[in-house]
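Okay, model14.pdb now, which holds PDB, C-alpha atoms:
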ATOM      1  CA  MET A  27     260.172  47.744 136.216  1.00  0.00           C
ATOM      2  CA  GLU A  28     259.861  44.080 137.178  1.00  0.00           C
ATOM      3  CA  ASN A  29     256.074  44.423 137.561  1.00  0.00           C
ATOM      4  CA  ILE A  30     255.499  46.004 134.142  1.00  0.00           C
ATOM      5  CA  LYS A  31     254.098  43.700 131.483  1.00  0.00           C
ATOM      6  CA  ILE A  32     255.930  43.618 128.162  1.00  0.00           C
ATOM      7  CA  ASP A  33     253.708  42.758 125.195  1.00  0.00           C
ATOM      8  CA  ASP A  34     254.853  40.362 122.475  1.00  0.00           C
ATOM      9  CA  ASP A  35     255.528  43.213 120.038  1.00  0.00           C
ATOM     10  CA  GLU A  36     257.555  45.191 122.597  1.00  0.00           C
ATOM     11  CA  ILE A  37     261.133  45.049 123.828  1.00  0.00           C
ATOM     12  CA  LEU A  38     262.870  46.194 126.979  1.00  0.00           C
ATOM     13  CA  ALA A  39     265.683  48.558 126.054  1.00  0.00           C
ATOM     14  CA  SER A  40     268.329  50.631 127.787  1.00  0.00           C
ATOM     15  CA  TRP A  41     269.963  53.728 126.310  1.00  0.00           C
ATOM     16  CA  ASP A  42     273.242  54.837 127.854  1.00  0.00           C
ATOM     17  CA  ALA A  43     274.757  58.303 127.551  1.00  0.00           C
ATOM     18  CA  GLU A  44     278.467  58.100 126.782  1.00  0.00           C
ATOM     19  CA  ALA A  45     280.667  60.198 129.098  1.00  0.00           C
ATOM     20  CA  LEU A  46     277.669  62.069 130.523  1.00  0.00           C
ATOM     21  CA  TYR A  47     279.321  64.616 132.839  1.00  0.00           C
ATOM     22  CA  PRO A  48     281.836  66.074 130.373  1.00  0.00           C
ATOM     23  CA  SER A  49     279.190  65.936 127.620  1.00  0.00           C
ATOM     24  CA  ILE A  50     276.636  68.134 129.381  1.00  0.00           C
ATOM     25  CA  ALA A  51     276.473  71.547 127.725  1.00  0.00           C
ATOM     26  CA  LEU A  52     276.357  73.516 130.964  1.00  0.00           C
ATOM     27  CA  GLY A  53     275.273  76.780 129.323  1.00  0.00           C
ATOM     28  CA  LYS A  54     272.272  75.078 127.736  1.00  0.00           C
ATOM     29  CA  CYS A  55     271.523  73.126 130.907  1.00  0.00           C
ATOM     30  CA  ILE A  56     271.514  76.281 133.012  1.00  0.00           C
ATOM     31  CA  GLU A  57     268.956  77.762 130.577  1.00  0.00           C
ATOM     32  CA  VAL A  58     266.796  74.648 131.046  1.00  0.00           C
ATOM     33  CA  ILE A  59     267.080  75.046 134.825  1.00  0.00           C
ATOM     34  CA  LYS A  60     266.214  78.744 134.574  1.00  0.00           C
ATOM     35  CA  ASN A  61     263.042  77.878 132.651  1.00  0.00           C
ATOM     36  CA  LEU A  62     262.131  75.218 135.215  1.00  0.00           C
ATOM     37  CA  LEU A  63     262.655  77.676 138.078  1.00  0.00           C
ATOM     38  CA  ASN A  64     260.688  80.453 136.365  1.00  0.00           C
ATOM     39  CA  ASN A  65     257.765  78.060 135.816  1.00  0.00           C
ATOM     40  CA  ASP A  66     257.848  76.610 139.341  1.00  0.00           C
ATOM     41  CA  GLU A  67     254.856  78.136 141.123  1.00  0.00           C
ATOM     42  CA  THR A  68     255.898  76.651 144.473  1.00  0.00           C
ATOM     43  CA  LEU A  69     259.525  77.809 144.470  1.00  0.00           C
ATOM     44  CA  SER A  70     258.850  80.649 146.927  1.00  0.00           C
ATOM     45  CA  THR A  71     257.482  78.145 149.473  1.00  0.00           C
ATOM     46  CA  ARG A  72     260.828  76.325 149.516  1.00  0.00           C
ATOM     47  CA  THR A  73     263.368  79.161 149.305  1.00  0.00           C
ATOM     48  CA  PRO A  74     263.543  82.948 149.575  1.00  0.00           C
ATOM     49  CA  LEU A  75     265.895  82.945 146.579  1.00  0.00           C
ATOM     50  CA  LEU A  76     264.594  84.137 143.236  1.00  0.00           C
ATOM     51  CA  PRO A  77     265.279  82.139 140.056  1.00  0.00           C
ATOM     52  CA  ASN A  78     267.954  84.644 138.970  1.00  0.00           C
ATOM     53  CA  ASP A  79     269.685  84.272 142.368  1.00  0.00           C
ATOM     54  CA  ILE A  80     269.796  80.487 142.002  1.00  0.00           C
ATOM     55  CA  ILE A  81     271.092  80.789 138.438  1.00  0.00           C
ATOM     56  CA  ALA A  82     273.824  83.178 139.607  1.00  0.00           C
ATOM     57  CA  LEU A  83     274.894  80.638 142.242  1.00  0.00           C
ATOM     58  CA  LEU A  84     274.873  77.821 139.655  1.00  0.00           C
ATOM     59  CA  ASN A  85     276.994  79.904 137.298  1.00  0.00           C
ATOM     60  CA  LEU A  86     279.468  80.530 140.104  1.00  0.00           C
ATOM     61  CA  CYS A  87     279.648  76.841 141.095  1.00  0.00           C
ATOM     62  CA  LEU A  88     279.981  75.681 137.492  1.00  0.00           C
ATOM     63  CA  SER A  89     282.120  78.513 136.115  1.00  0.00           C
ATOM     64  CA  THR A  90     285.286  76.444 135.832  1.00  0.00           C
ATOM     65  CA  SER A  91     286.273  72.815 135.659  1.00  0.00           C
ATOM     66  CA  ASP A  92     289.950  72.351 136.388  1.00  0.00           C
ATOM     67  CA  PHE A  93     291.845  69.105 136.787  1.00  0.00           C
ATOM     68  CA  VAL A  94     295.366  67.711 136.707  1.00  0.00           C
ATOM     69  CA  TYR A  95     296.217  64.855 134.367  1.00  0.00           C
ATOM     70  CA  ASN A  96     299.775  63.541 133.849  1.00  0.00           C
ATOM     71  CA  ASP A  97     301.074  66.367 136.038  1.00  0.00           C
ATOM     72  CA  THR A  98     299.546  68.942 133.687  1.00  0.00           C
ATOM     73  CA  HIS A  99     296.796  71.415 134.635  1.00  0.00           C
ATOM     74  CA  HIS A 100     293.748  71.431 132.311  1.00  0.00           C
ATOM     75  CA  THR A 101     290.591  73.547 132.181  1.00  0.00           C
ATOM     76  CA  ALA A 102     287.509  72.030 130.562  1.00  0.00           C
ATOM     77  CA  GLU A 103     285.251  74.591 128.912  1.00  0.00           C
ATOM     78  CA  ASP A 104     281.463  74.346 129.368  1.00  0.00           C
ATOM     79  CA  SER A 105     281.819  70.996 131.119  1.00  0.00           C
ATOM     80  CA  GLY A 106     281.031  69.926 134.652  1.00  0.00           C
ATOM     81  CA  PRO A 107     283.527  68.326 136.994  1.00  0.00           C
ATOM     82  CA  ILE A 108     282.736  64.725 137.913  1.00  0.00           C
ATOM     83  CA  GLY A 109     283.552  65.194 141.607  1.00  0.00           C
ATOM     84  CA  LEU A 110     281.280  68.184 142.174  1.00  0.00           C
ATOM     85  CA  SER A 111     278.208  66.991 144.079  1.00  0.00           C
ATOM     86  CA  ILE A 112     275.811  69.362 142.318  1.00  0.00           C
ATOM     87  CA  MET A 113     276.673  67.625 139.022  1.00  0.00           C
ATOM     88  CA  VAL A 114     274.467  64.689 140.060  1.00  0.00           C
ATOM     89  CA  ILE A 115     271.447  67.008 140.008  1.00  0.00           C
ATOM     90  CA  ILE A 116     272.628  68.779 136.847  1.00  0.00           C
ATOM     91  CA  ALA A 117     273.037  65.414 135.089  1.00  0.00           C
ATOM     92  CA  GLN A 118     269.557  64.247 136.087  1.00  0.00           C
ATOM     93  CA  ILE A 119     267.974  67.490 134.884  1.00  0.00           C
ATOM     94  CA  TRP A 120     269.911  67.313 131.606  1.00  0.00           C
ATOM     95  CA  MET A 121     268.906  63.696 131.004  1.00  0.00           C
ATOM     96  CA  ASN A 122     265.231  64.436 131.707  1.00  0.00           C
ATOM     97  CA  HIS A 123     265.437  67.382 129.303  1.00  0.00           C
ATOM     98  CA  THR A 124     267.125  65.158 126.711  1.00  0.00           C
ATOM     99  CA  VAL A 125     264.341  62.565 126.933  1.00  0.00           C
ATOM    100  CA  THR A 126     261.646  65.246 126.598  1.00  0.00           C
ATOM    101  CA  GLU A 127     263.326  66.718 123.517  1.00  0.00           C
ATOM    102  CA  ALA A 128     264.058  63.283 122.004  1.00  0.00           C
ATOM    103  CA  ASN A 129     260.390  62.364 122.394  1.00  0.00           C
ATOM    104  CA  LYS A 130     259.453  65.503 120.434  1.00  0.00           C
ATOM    105  CA  ILE A 131     261.918  64.563 117.680  1.00  0.00           C
ATOM    106  CA  ALA A 132     260.633  60.976 117.601  1.00  0.00           C
ATOM    107  CA  THR A 133     257.013  62.159 117.423  1.00  0.00           C
ATOM    108  CA  GLU A 134     257.818  64.471 114.490  1.00  0.00           C
ATOM    109  CA  ARG A 135     259.469  61.542 112.659  1.00  0.00           C
ATOM    110  CA  ASN A 136     256.813  58.975 113.583  1.00  0.00           C
ATOM    111  CA  ILE A 137     259.339  56.928 115.586  1.00  0.00           C
ATOM    112  CA  ALA A 138     258.186  54.882 118.564  1.00  0.00           C
ATOM    113  CA  ILE A 139     258.615  56.484 121.987  1.00  0.00           C
ATOM    114  CA  PRO A 140     259.385  54.239 124.975  1.00  0.00           C
ATOM    115  CA  ARG A 141     256.748  53.777 127.613  1.00  0.00           C
ATOM    116  CA  SER A 142     257.484  53.366 131.306  1.00  0.00           C
ATOM    117  CA  GLU A 143     260.684  55.368 130.892  1.00  0.00           C
ATOM    118  CA  ILE A 144     262.970  55.461 133.879  1.00  0.00           C
ATOM    119  CA  VAL A 145     265.842  57.941 133.802  1.00  0.00           C
ATOM    120  CA  TYR A 146     268.668  57.408 136.244  1.00  0.00           C
ATOM    121  CA  MET A 147     271.901  59.296 135.737  1.00  0.00           C
ATOM    122  CA  ASP A 148     273.308  58.241 132.365  1.00  0.00           C
ATOM    123  CA  ASP A 149     270.769  55.462 131.714  1.00  0.00           C
ATOM    124  CA  ILE A 150     267.284  55.481 130.260  1.00  0.00           C
ATOM    125  CA  ASN A 151     265.287  52.278 130.527  1.00  0.00           C
ATOM    126  CA  GLY A 152     261.990  51.772 128.781  1.00  0.00           C
ATOM    127  CA  ILE A 153     259.658  49.502 126.904  1.00  0.00           C
ATOM    128  CA  LEU A 154     259.458  50.138 123.195  1.00  0.00           C
ATOM    129  CA  ARG A 155     257.082  48.849 120.541  1.00  0.00           C
ATOM    130  CA  GLN A 156     259.318  47.245 117.950  1.00  0.00           C
ATOM    131  CA  ASN A 157     258.964  48.117 114.277  1.00  0.00           C
ATOM    132  CA  GLN A 158     259.050  45.713 111.308  1.00  0.00           C
ATOM    133  CA  GLU A 159     262.733  46.393 110.694  1.00  0.00           C
ATOM    134  CA  GLY A 160     263.551  45.551 114.309  1.00  0.00           C
ATOM    135  CA  ASN A 161     265.491  48.784 114.790  1.00  0.00           C
ATOM    136  CA  ALA A 162     263.098  51.024 116.747  1.00  0.00           C
ATOM    137  CA  HIS A 163     265.579  51.096 119.650  1.00  0.00           C
ATOM    138  CA  ILE A 164     268.329  52.338 117.321  1.00  0.00           C
ATOM    139  CA  GLN A 165     266.046  54.977 115.822  1.00  0.00           C
ATOM    140  CA  TYR A 166     265.199  56.226 119.301  1.00  0.00           C
ATOM    141  CA  ALA A 167     268.911  56.306 120.247  1.00  0.00           C
ATOM    142  CA  GLU A 168     269.463  58.544 117.213  1.00  0.00           C
ATOM    143  CA  CYS A 169     266.710  60.890 118.440  1.00  0.00           C
ATOM    144  CA  LEU A 170     268.406  61.057 121.855  1.00  0.00           C
ATOM    145  CA  SER A 171     271.764  61.809 120.239  1.00  0.00           C
ATOM    146  CA  GLN A 172     270.260  64.597 118.131  1.00  0.00           C
ATOM    147  CA  VAL A 173     269.178  66.671 121.134  1.00  0.00           C
ATOM    148  CA  ASP A 174     272.722  67.939 121.618  1.00  0.00           C
ATOM    149  CA  PRO A 175     275.737  67.055 119.458  1.00  0.00           C
ATOM    150  CA  ARG A 176     277.968  66.566 122.511  1.00  0.00           C
ATOM    151  CA  LEU A 177     275.871  63.749 123.944  1.00  0.00           C
ATOM    152  CA  LYS A 178     275.845  60.363 122.217  1.00  0.00           C
ATOM    153  CA  PHE A 179     273.859  57.285 123.192  1.00  0.00           C
ATOM    154  CA  THR A 180     274.376  53.563 122.895  1.00  0.00           C
ATOM    155  CA  CYS A 181     271.571  51.053 123.198  1.00  0.00           C
ATOM    156  CA  GLU A 182     271.111  47.562 124.547  1.00  0.00           C
ATOM    157  CA  ILE A 183     268.019  45.435 124.168  1.00  0.00           C
ATOM    158  CA  GLU A 184     266.670  42.641 126.288  1.00  0.00           C
ATOM    159  CA  ASP A 185     267.745  39.076 126.204  1.00  0.00           C
ATOM    160  CA  ASN A 186     264.958  36.846 127.467  1.00  0.00           C
ATOM    161  CA  LYS A 187     263.029  39.826 128.907  1.00  0.00           C
ATOM    162  CA  LYS A 188     266.090  41.005 130.873  1.00  0.00           C
ATOM    163  CA  LEU A 189     268.669  43.674 130.134  1.00  0.00           C
ATOM    164  CA  PRO A 190     272.297  42.518 129.964  1.00  0.00           C
TER     165      PRO A 190
END

Output the structure of this file as structure tokens.
Amino acid sequence: MENIKIDDDEILASWDAEALYPSIALGKCIEVIKNLLNNDETLSTRTPLLPNDIIALLNLCLSTSDFVYNDTHHTAEDSGPIGLSIMVIIAQIWMNHTVTEANKIATERNIAIPRSEIVYMDDINGILRQNQEGNAHIQYAECLSQVDPRLKFTCEIEDNKKLP
């Protein structure tokens, strides 16, 4: 992002998902993945598996999330385990989906949408045209948080054209 020009009426902002992995609604995310697979015209060139086969494997891998805390066994429902390597991909897909849906919400409400968005794990960085109230970044964070009630976002804005 260092080569992107920020206009005088714009700010650099970063939105951070709080506790991303346990906040991903796996059932909903698997539906998003199923839609992506069903709409992928090149899938058959990369794998002999059909979308339903891949979804069945995902359901198997993500069917339970067990952990021990204070010598007590716990099972987290509809939540991905942090140590499972496939959760990195699941998290990225969920965050991209969240941004897409938040942009739809923002458009419906006439709220500024960031440009030059970069999504990496639990962070979204972008350049946002500031409104007169100076709270466009907060309004956009609210749109992100409204995509799914389990996922909440915080926001930081630039200080001297740099993020803290």

Report as a Markdown table: every residue of segment 112-167 of chain A with an atom at most 12 Å from segment 76-87 of chain A, its closest pair of atoms, and their distance in Å to one decimal, counting all atoms listed in the file, with rows sorted by chain and ascending residue number.
| residue | atom | partner | partner_atom | distance |
| --- | --- | --- | --- | --- |
| A:Ile112 | CA | A:Cys87 | CA | 8.5 |
| A:Met113 | CA | A:Cys87 | CA | 9.9 |
| A:Ile115 | CA | A:Leu84 | CA | 11.3 |
| A:Ile116 | CA | A:Leu84 | CA | 9.7 |

Atom CA of Lys60 of chain A to atom CA of Leu170 of chain A, distance in Å rounded to a single decimal: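 Computed distance, atom CA of Lys60 of chain A to atom CA of Leu170 of chain A, equals 21.9 Å.
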
Could you list, as a VMD selection string, every residue within 8 Å of segment 176-190 of chain A, counting only C-alpha atoms and ignoring same-chain residues fewer than 5 positions away? chain A and resid 37 to 46 49 to 51 163 to 164 167 to 168 170 to 171

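Applied to this file, the PyMOL selection byres ((chain A and resi 32-34) around 9) selects the residues A:Ile30, A:Lys31, A:Asp35, A:Glu36, A:Ile37, A:Leu38, A:Ile153, A:Leu154, A:Arg155, A:Lys187.
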
Do you know which residues the PyMOL selection byres ((chain A and resi 124) around 10) returns on this file, as JSON, numbers by chain? {"A": [118, 119, 120, 121, 122, 123, 125, 126, 127, 128, 129, 130, 169, 170, 171, 172, 173, 174, 177]}

Just give me the gap between atom CA of Ser89 of chain A and atom CA of Asn64 of chain A in Å, one decimal is fine. 21.5 Å

Interatomic distance between atom CA of Asp92 of chain A and atom CA of Pro48 of chain A? 11.9 Å

Selection result for the PyMOL selection byres ((chain A and resi 91) around 12) on this file, as a PDB file with C-alpha atoms, in the frame of the given file:
ATOM      1  CA  TYR A  47     279.321  64.616 132.839  1.00  0.00           C
ATOM      2  CA  PRO A  48     281.836  66.074 130.373  1.00  0.00           C
ATOM      3  CA  LEU A  52     276.357  73.516 130.964  1.00  0.00           C
ATOM      4  CA  ASN A  85     276.994  79.904 137.298  1.00  0.00           C
ATOM      5  CA  LEU A  86     279.468  80.530 140.104  1.00  0.00           C
ATOM      6  CA  CYS A  87     279.648  76.841 141.095  1.00  0.00           C
ATOM      7  CA  LEU A  88     279.981  75.681 137.492  1.00  0.00           C
ATOM      8  CA  SER A  89     282.120  78.513 136.115  1.00  0.00           C
ATOM      9  CA  THR A  90     285.286  76.444 135.832  1.00  0.00           C
ATOM     10  CA  ASP A  92     289.950  72.351 136.388  1.00  0.00           C
ATOM     11  CA  PHE A  93     291.845  69.105 136.787  1.00  0.00           C
ATOM     12  CA  VAL A  94     295.366  67.711 136.707  1.00  0.00           C
ATOM     13  CA  HIS A  99     296.796  71.415 134.635  1.00  0.00           C
ATOM     14  CA  HIS A 100     293.748  71.431 132.311  1.00  0.00           C
ATOM     15  CA  THR A 101     290.591  73.547 132.181  1.00  0.00           C
ATOM     16  CA  ALA A 102     287.509  72.030 130.562  1.00  0.00           C
ATOM     17  CA  GLU A 103     285.251  74.591 128.912  1.00  0.00           C
ATOM     18  CA  ASP A 104     281.463  74.346 129.368  1.00  0.00           C
ATOM     19  CA  SER A 105     281.819  70.996 131.119  1.00  0.00           C
ATOM     20  CA  GLY A 106     281.031  69.926 134.652  1.00  0.00           C
ATOM     21  CA  PRO A 107     283.527  68.326 136.994  1.00  0.00           C
ATOM     22  CA  ILE A 108     282.736  64.725 137.913  1.00  0.00           C
ATOM     23  CA  GLY A 109     283.552  65.194 141.607  1.00  0.00           C
ATOM     24  CA  LEU A 110     281.280  68.184 142.174  1.00  0.00           C
ATOM     25  CA  MET A 113     276.673  67.625 139.022  1.00  0.00           C
TER      26      MET A 113
END

Go ahead and fit an axis-aligned box to every listed atom of segment 97-103 of chain A plus 5 Å each side, and pass me the centre and edge lengths in Å, one decimal, as JSON.
{"center_x": 293.2, "center_y": 70.5, "center_z": 132.5, "size_x": 25.8, "size_y": 18.2, "size_z": 17.1}

Using all atoms listed in the file, can you tell me which of A:Glu67, A:Asn161, A:Leu75, A:Ala117 comes closest to Cys55 of chain A?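 Closest to Cys55 of chain A of all the choices is A:Ala117.
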